[in-house]
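Next comes structure.cif, with mmCIF, C-alpha atoms.
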```cif
data_start
loop_
_atom_site.label_atom_id
_atom_site.label_comp_id
_atom_site.auth_asym_id
_atom_site.auth_seq_id
_atom_site.Cartn_x
_atom_site.Cartn_y
_atom_site.Cartn_z
CA ARG H 291 87.08 83.71 100.85
CA MET H 292 84.75 83.50 97.85
CA LEU H 293 82.25 81.35 99.74
CA SER H 294 82.27 83.79 102.66
CA ALA H 295 81.72 86.75 100.30
CA PHE H 296 78.85 84.87 98.65
CA ALA H 297 77.18 84.08 101.99
CA HIS H 298 77.63 87.63 103.29
CA GLY H 299 76.46 89.12 99.99
CA VAL H 300 73.26 87.10 100.05
CA ARG H 301 72.69 87.80 103.74
CA ASP H 302 73.42 91.54 103.46
CA LYS H 303 71.47 91.86 100.19
CA TRP H 304 74.22 93.20 97.92
CA LEU H 305 74.22 89.96 95.94
CA TYR H 306 71.14 88.39 94.36
CA PHE H 307 68.83 90.77 96.19
CA ALA H 308 66.08 90.39 93.59
CA GLY H 309 64.73 87.07 92.45
CA LYS H 310 65.88 83.57 93.26
CA THR H 311 69.22 83.14 95.01
CA PRO H 312 71.35 80.39 93.46
CA THR H 313 73.36 77.97 95.52
CA PHE H 314 77.07 78.65 95.82
CA GLU H 315 77.72 75.90 93.28
CA GLU H 316 75.27 77.48 90.83
CA HIS H 317 76.97 80.83 91.41
CA CYS H 318 80.34 79.25 90.52
CA ARG H 319 78.90 77.66 87.39
CA GLN H 320 77.48 81.03 86.32
CA PHE H 321 80.85 82.62 86.97
CA PHE H 322 82.62 80.08 84.75
CA LYS H 323 80.14 80.68 81.92
CA GLU H 324 81.27 84.32 81.96
CA TRP H 325 84.92 83.34 82.46
CA ASP H 326 84.86 80.95 79.51
CA GLN H 327 83.54 83.74 77.29
CA ARG H 328 85.71 86.59 78.59
CA GLY H 329 88.89 84.92 79.83
CA SER H 330 91.62 86.52 81.90
CA ALA H 331 91.26 89.84 80.06
CA TRP H 332 88.13 90.28 82.20
CA LEU H 333 90.15 90.39 85.45
CA PRO H 334 90.89 94.14 85.49
CA GLU H 335 87.22 94.95 84.91
CA MET H 336 85.57 92.16 86.92
CA TRP H 337 85.06 94.46 89.92
CA ARG H 338 82.47 96.39 87.90
CA ASP H 339 80.20 93.32 87.80
CA LEU H 340 78.86 93.09 91.34
CA THR H 341 77.59 89.57 90.72
CA TYR H 342 81.18 88.34 90.67
CA ARG H 343 82.53 90.65 93.34
CA THR H 344 82.76 87.40 95.31
CA VAL H 345 85.63 86.34 93.06
CA ASP H 346 87.17 89.74 92.44
CA GLN H 347 87.62 90.71 96.08
CA SER H 348 89.30 87.36 96.73
CA LEU H 349 92.09 87.97 94.20
CA TYR H 350 94.59 89.60 96.55
CA GLY H 351 97.54 89.49 94.15
CA TYR H 352 95.69 91.38 91.46
CA LYS H 353 94.32 93.88 93.99
CA LEU H 354 97.80 94.65 95.34
CA ARG H 355 99.15 95.02 91.82
CA VAL H 356 96.56 97.73 91.06
CA TRP H 357 97.87 99.84 93.95
CA LEU H 358 101.51 99.29 93.04
CA ASP H 359 100.81 100.06 89.37
CA ALA H 360 99.06 103.26 90.47
CA GLY H 361 102.37 104.48 91.84
CA PHE H 362 102.26 103.59 95.50
CA HIS H 363 105.72 102.59 96.71
CA PRO H 364 106.01 99.19 98.40
CA SER H 365 107.39 100.87 101.54
CA GLN H 366 103.96 102.47 102.02
CA PHE H 367 102.34 99.08 102.70
CA VAL H 368 101.94 97.09 105.90
CA ILE H 369 100.78 93.61 104.89
CA TYR H 370 99.55 90.95 107.27
CA PRO H 371 97.61 87.72 106.93
CA GLY H 372 94.25 88.03 108.71
CA ASN H 373 94.78 85.34 111.30
CA LEU H 374 97.92 87.06 112.53
CA TYR H 375 95.70 89.88 113.74
CA LEU H 376 92.89 87.60 114.96
CA LYS H 377 95.22 85.39 117.02
CA HIS H 378 96.19 88.48 119.03
CA ARG H 379 92.92 90.35 118.79
CA SER H 380 92.35 90.78 122.53
CA ASP H 381 95.96 91.77 123.28
CA VAL H 382 95.91 95.31 121.92
CA PRO H 383 99.32 96.42 123.31
CA ASN H 384 101.16 93.39 121.92
CA ASN H 385 99.19 92.57 118.79
CA PRO H 386 101.94 92.40 116.12
CA VAL H 387 99.71 93.97 113.46
CA LEU H 388 98.75 96.91 115.64
CA LYS H 389 102.37 97.33 116.74
CA ALA H 390 103.53 97.48 113.11
CA LEU H 391 100.85 100.03 112.26
CA ARG H 392 101.70 102.13 115.32
CA ALA H 393 105.37 102.02 114.33
CA ARG H 394 104.35 103.68 111.05
CA VAL H 395 101.96 106.36 112.24
CA GLY H 396 102.57 106.88 115.95
CA ASP H 397 102.16 105.05 119.22
CA GLU H 398 98.91 106.84 120.08
CA PHE H 399 97.08 105.29 117.12
CA PHE H 400 95.56 101.86 116.59
CA ARG H 401 94.51 101.32 120.16
CA PRO H 402 90.99 99.92 119.79
CA MET H 403 88.97 99.00 122.81
CA LYS H 404 89.90 95.72 124.40
CA ILE H 405 87.86 92.85 123.03
CA ASP H 406 87.07 90.20 125.61
CA SER H 407 85.53 87.77 123.19
CA THR H 408 85.83 87.28 119.47
CA LYS H 409 82.20 86.18 119.55
CA LYS H 410 81.16 89.73 120.48
CA PHE H 411 82.04 90.96 117.00
CA ASN H 412 82.39 87.79 114.98
CA GLU H 413 79.48 85.39 114.99
CA GLY H 414 81.53 82.91 113.00
CA HIS H 415 80.79 81.46 109.61
CA ASN H 416 77.33 81.84 108.20
CA HIS H 417 78.12 79.20 105.61
CA GLY H 418 79.30 75.64 105.33
CA GLU H 419 82.66 74.36 104.20
CA VAL H 420 83.70 74.76 100.58
CA ASN H 421 83.65 70.99 99.97
CA HIS H 422 80.05 70.90 101.21
CA ASP H 423 78.75 73.96 99.35
CA LEU H 424 80.77 73.25 96.21
CA LYS H 425 80.45 69.53 95.69
CA SER H 426 81.90 69.43 92.20
CA PRO H 427 85.62 68.61 92.37
CA GLN H 428 85.95 69.89 88.80
CA LEU H 429 84.64 73.34 89.78
CA ARG H 430 86.86 73.42 92.90
CA ASP H 431 89.86 72.51 90.75
CA ARG H 432 89.01 75.16 88.17
CA LEU H 433 88.61 77.83 90.82
CA ASN H 434 91.89 76.88 92.43
CA ASN H 435 93.93 76.32 89.27
CA GLU H 436 92.55 78.96 86.89
CA ILE H 437 91.49 81.73 89.25
CA PHE H 438 93.05 81.68 92.70
CA ALA H 439 96.43 80.00 92.13
CA PRO H 440 97.61 82.58 89.58
CA SER H 441 96.55 85.44 91.88
CA ASN H 442 98.21 83.80 94.88
CA GLN H 443 101.43 83.26 92.92
CA LEU H 444 101.36 86.91 91.87
CA LEU H 445 100.75 87.94 95.49
CA VAL H 446 103.82 86.03 96.67
CA LYS H 447 105.97 87.60 93.95
CA LEU H 448 104.68 91.10 94.72
CA LEU H 449 105.27 90.62 98.44
CA SER H 450 108.79 89.37 97.84
CA HIS H 451 109.60 92.21 95.49
CA GLY H 452 107.90 94.67 97.83
CA ALA H 453 109.70 93.42 100.92
CA GLN H 454 112.98 94.02 99.12
CA GLN H 455 111.86 97.65 98.74
CA GLY H 456 110.66 98.25 102.28
CA MET H 457 107.18 96.71 102.34
CA THR H 458 106.38 95.54 105.87
CA LEU H 459 105.28 91.92 106.13
CA VAL H 460 104.09 91.67 109.73
CA GLY H 461 105.40 88.56 111.46
CA TYR H 462 107.62 87.51 108.57
CA SER H 463 111.25 87.09 109.53
CA GLY H 464 112.73 85.34 106.50
CA GLU H 465 114.68 86.71 103.58
CA ALA H 466 112.75 89.19 101.47
CA SER H 467 113.65 87.30 98.30
CA ASP H 468 112.53 83.88 99.62
CA GLU H 469 109.18 83.36 97.89
CA VAL H 470 108.76 79.86 99.36
CA ALA H 471 109.10 81.24 102.89
CA ILE H 472 106.72 84.11 102.13
CA GLU H 473 104.13 81.67 100.81
CA ARG H 474 104.57 79.52 103.94
CA TRP H 475 104.10 82.66 106.10
CA LEU H 476 100.83 83.38 104.27
CA VAL H 477 99.54 79.82 104.48
CA ASN H 478 100.47 79.46 108.16
CA ASN H 479 98.71 82.67 109.11
CA TRP H 480 95.78 82.66 106.73
CA ASP H 481 94.72 80.01 104.29
CA TYR H 482 94.72 82.44 101.39
#
```
Produce structure tokens that represent the structure in this file.
Amino acid sequence: RMLSAFAHGVRDKWLYFAGKTPTFEEHCRQFFKEWDQRGSAWLPEMWRDLTYRTVDQSLYGYKLRVWLDAGFHPSQFVIYPGNLYLKHRSDVPNNPVLKALRARVGDEFFRPMKIDSTKKFNEGHNHGEVNHDLKSPQLRDRLNNEIFAPSNQLLVKLLSHGAQQGMTLVGYSGEASDEVAIERWLVNNWDY
């Protein structure tokens, strides 16, 4: 997710639009210089620094927590891993994500035009694989262990707690309290 945000940010000129554009690996090194100085206390405010929006918007657990802490009830959420929608993208009537959304707001809603080809709207990746663009195993490990793993663990806990209070997890059929099964559901439907 972070690599995709970086590539799109550079391409769409909301990231490094003036001056020299660093490589993704250089971007990660710059991020960790800030991280080492600021630490996890920076997380709630990281969104303000557009340079590291690439990281911030990839921290799904923290993002969901903001909405729940703001007073939204878990039953107000319909959560789905992205590939669950994409796998059924051209089948509008039976797409499980669209069906869940229509169940919430009415059958006449969420009926986008039929898409014959995913290529029509999605030109695919405009970047390489993470292991290619981020060659340093130490940086990959730091990103995974210090940044993304804690957010992903929080996401699983919030989804489990939320599902026990009426949060809809589209395509999930296990017990609401089974965090292992919820994590498996996420991983199987979107490598989060």
Residues in the PyMOL selection byres ((chain H and resi 455-464) around 10), expressed as a VMD selection string: chain H and resid 363 to 371 374 to 375 386 to 391 394 448 to 454 465 to 472 474 to 476 479
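Separating atom CA of H:Ser380 from atom CA of H:Asp397 is a distance of 17.6 Å.
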Here atom CA of H:Ala360 and atom CA of H:Tyr342 stand apart by 23.3 Å
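Picture a line from atom CA of H:Ile437 to atom CA of H:Arg301; it runs 24.5 Å.
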For stretch 328-331 of chain H, what centre and edge lengths in Å (one decimal) does the axis-aligned box get once 4 Å is added on each side of all its listed atoms, as lines of an AutoDock Vina configuration file?
```
center_x = 88.7
center_y = 87.4
center_z = 80.2
size_x = 13.9
size_y = 12.9
size_z = 11.3
```
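If you measure from each of H:Leu433, H:Leu444, H:Leu424, H:Ala297 to H:Tyr350 using all atoms listed in the file, the closest one turns out to be H:Leu444.
When the PyMOL selection byres ((chain H and resi 303-319) around 8) is run on the displayed coordinates, the residues it returns are Leu293, Phe296, Gly299, Val300, Arg301, Asp302, Gln320, Phe321, Phe322, Lys323, Leu340, Thr341, Asp423, Leu424, Lys425, Ser426 and Leu429 of chain H.
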Quick one: contact table of stretch 360-472 of chain H to stretch 325-334 of chain H, 12 Å max, nearest atom pair and distance in Å to one decimal per residue, counting all atoms listed in the file, chain and number order, as JSON lines?
```
{"residue": "H:Arg432", "atom": "CA", "partner": "H:Trp325", "partner_atom": "CA", "distance": 10.8}
{"residue": "H:Leu433", "atom": "CA", "partner": "H:Trp325", "partner_atom": "CA", "distance": 10.7}
{"residue": "H:Glu436", "atom": "CA", "partner": "H:Ser330", "partner_atom": "CA", "distance": 9.1}
{"residue": "H:Ile437", "atom": "CA", "partner": "H:Ser330", "partner_atom": "CA", "distance": 8.8}
{"residue": "H:Phe438", "atom": "CA", "partner": "H:Leu333", "partner_atom": "CA", "distance": 11.7}
{"residue": "H:Pro440", "atom": "CA", "partner": "H:Ser330", "partner_atom": "CA", "distance": 10.5}
{"residue": "H:Ser441", "atom": "CA", "partner": "H:Leu333", "partner_atom": "CA", "distance": 10.3}
```
Q) Mind telling me what the PyMOL selection byres ((chain H and resi 291) around 8) catches here, as a PyMOL selection string? A) chain H and resi 292-295+344+348+482
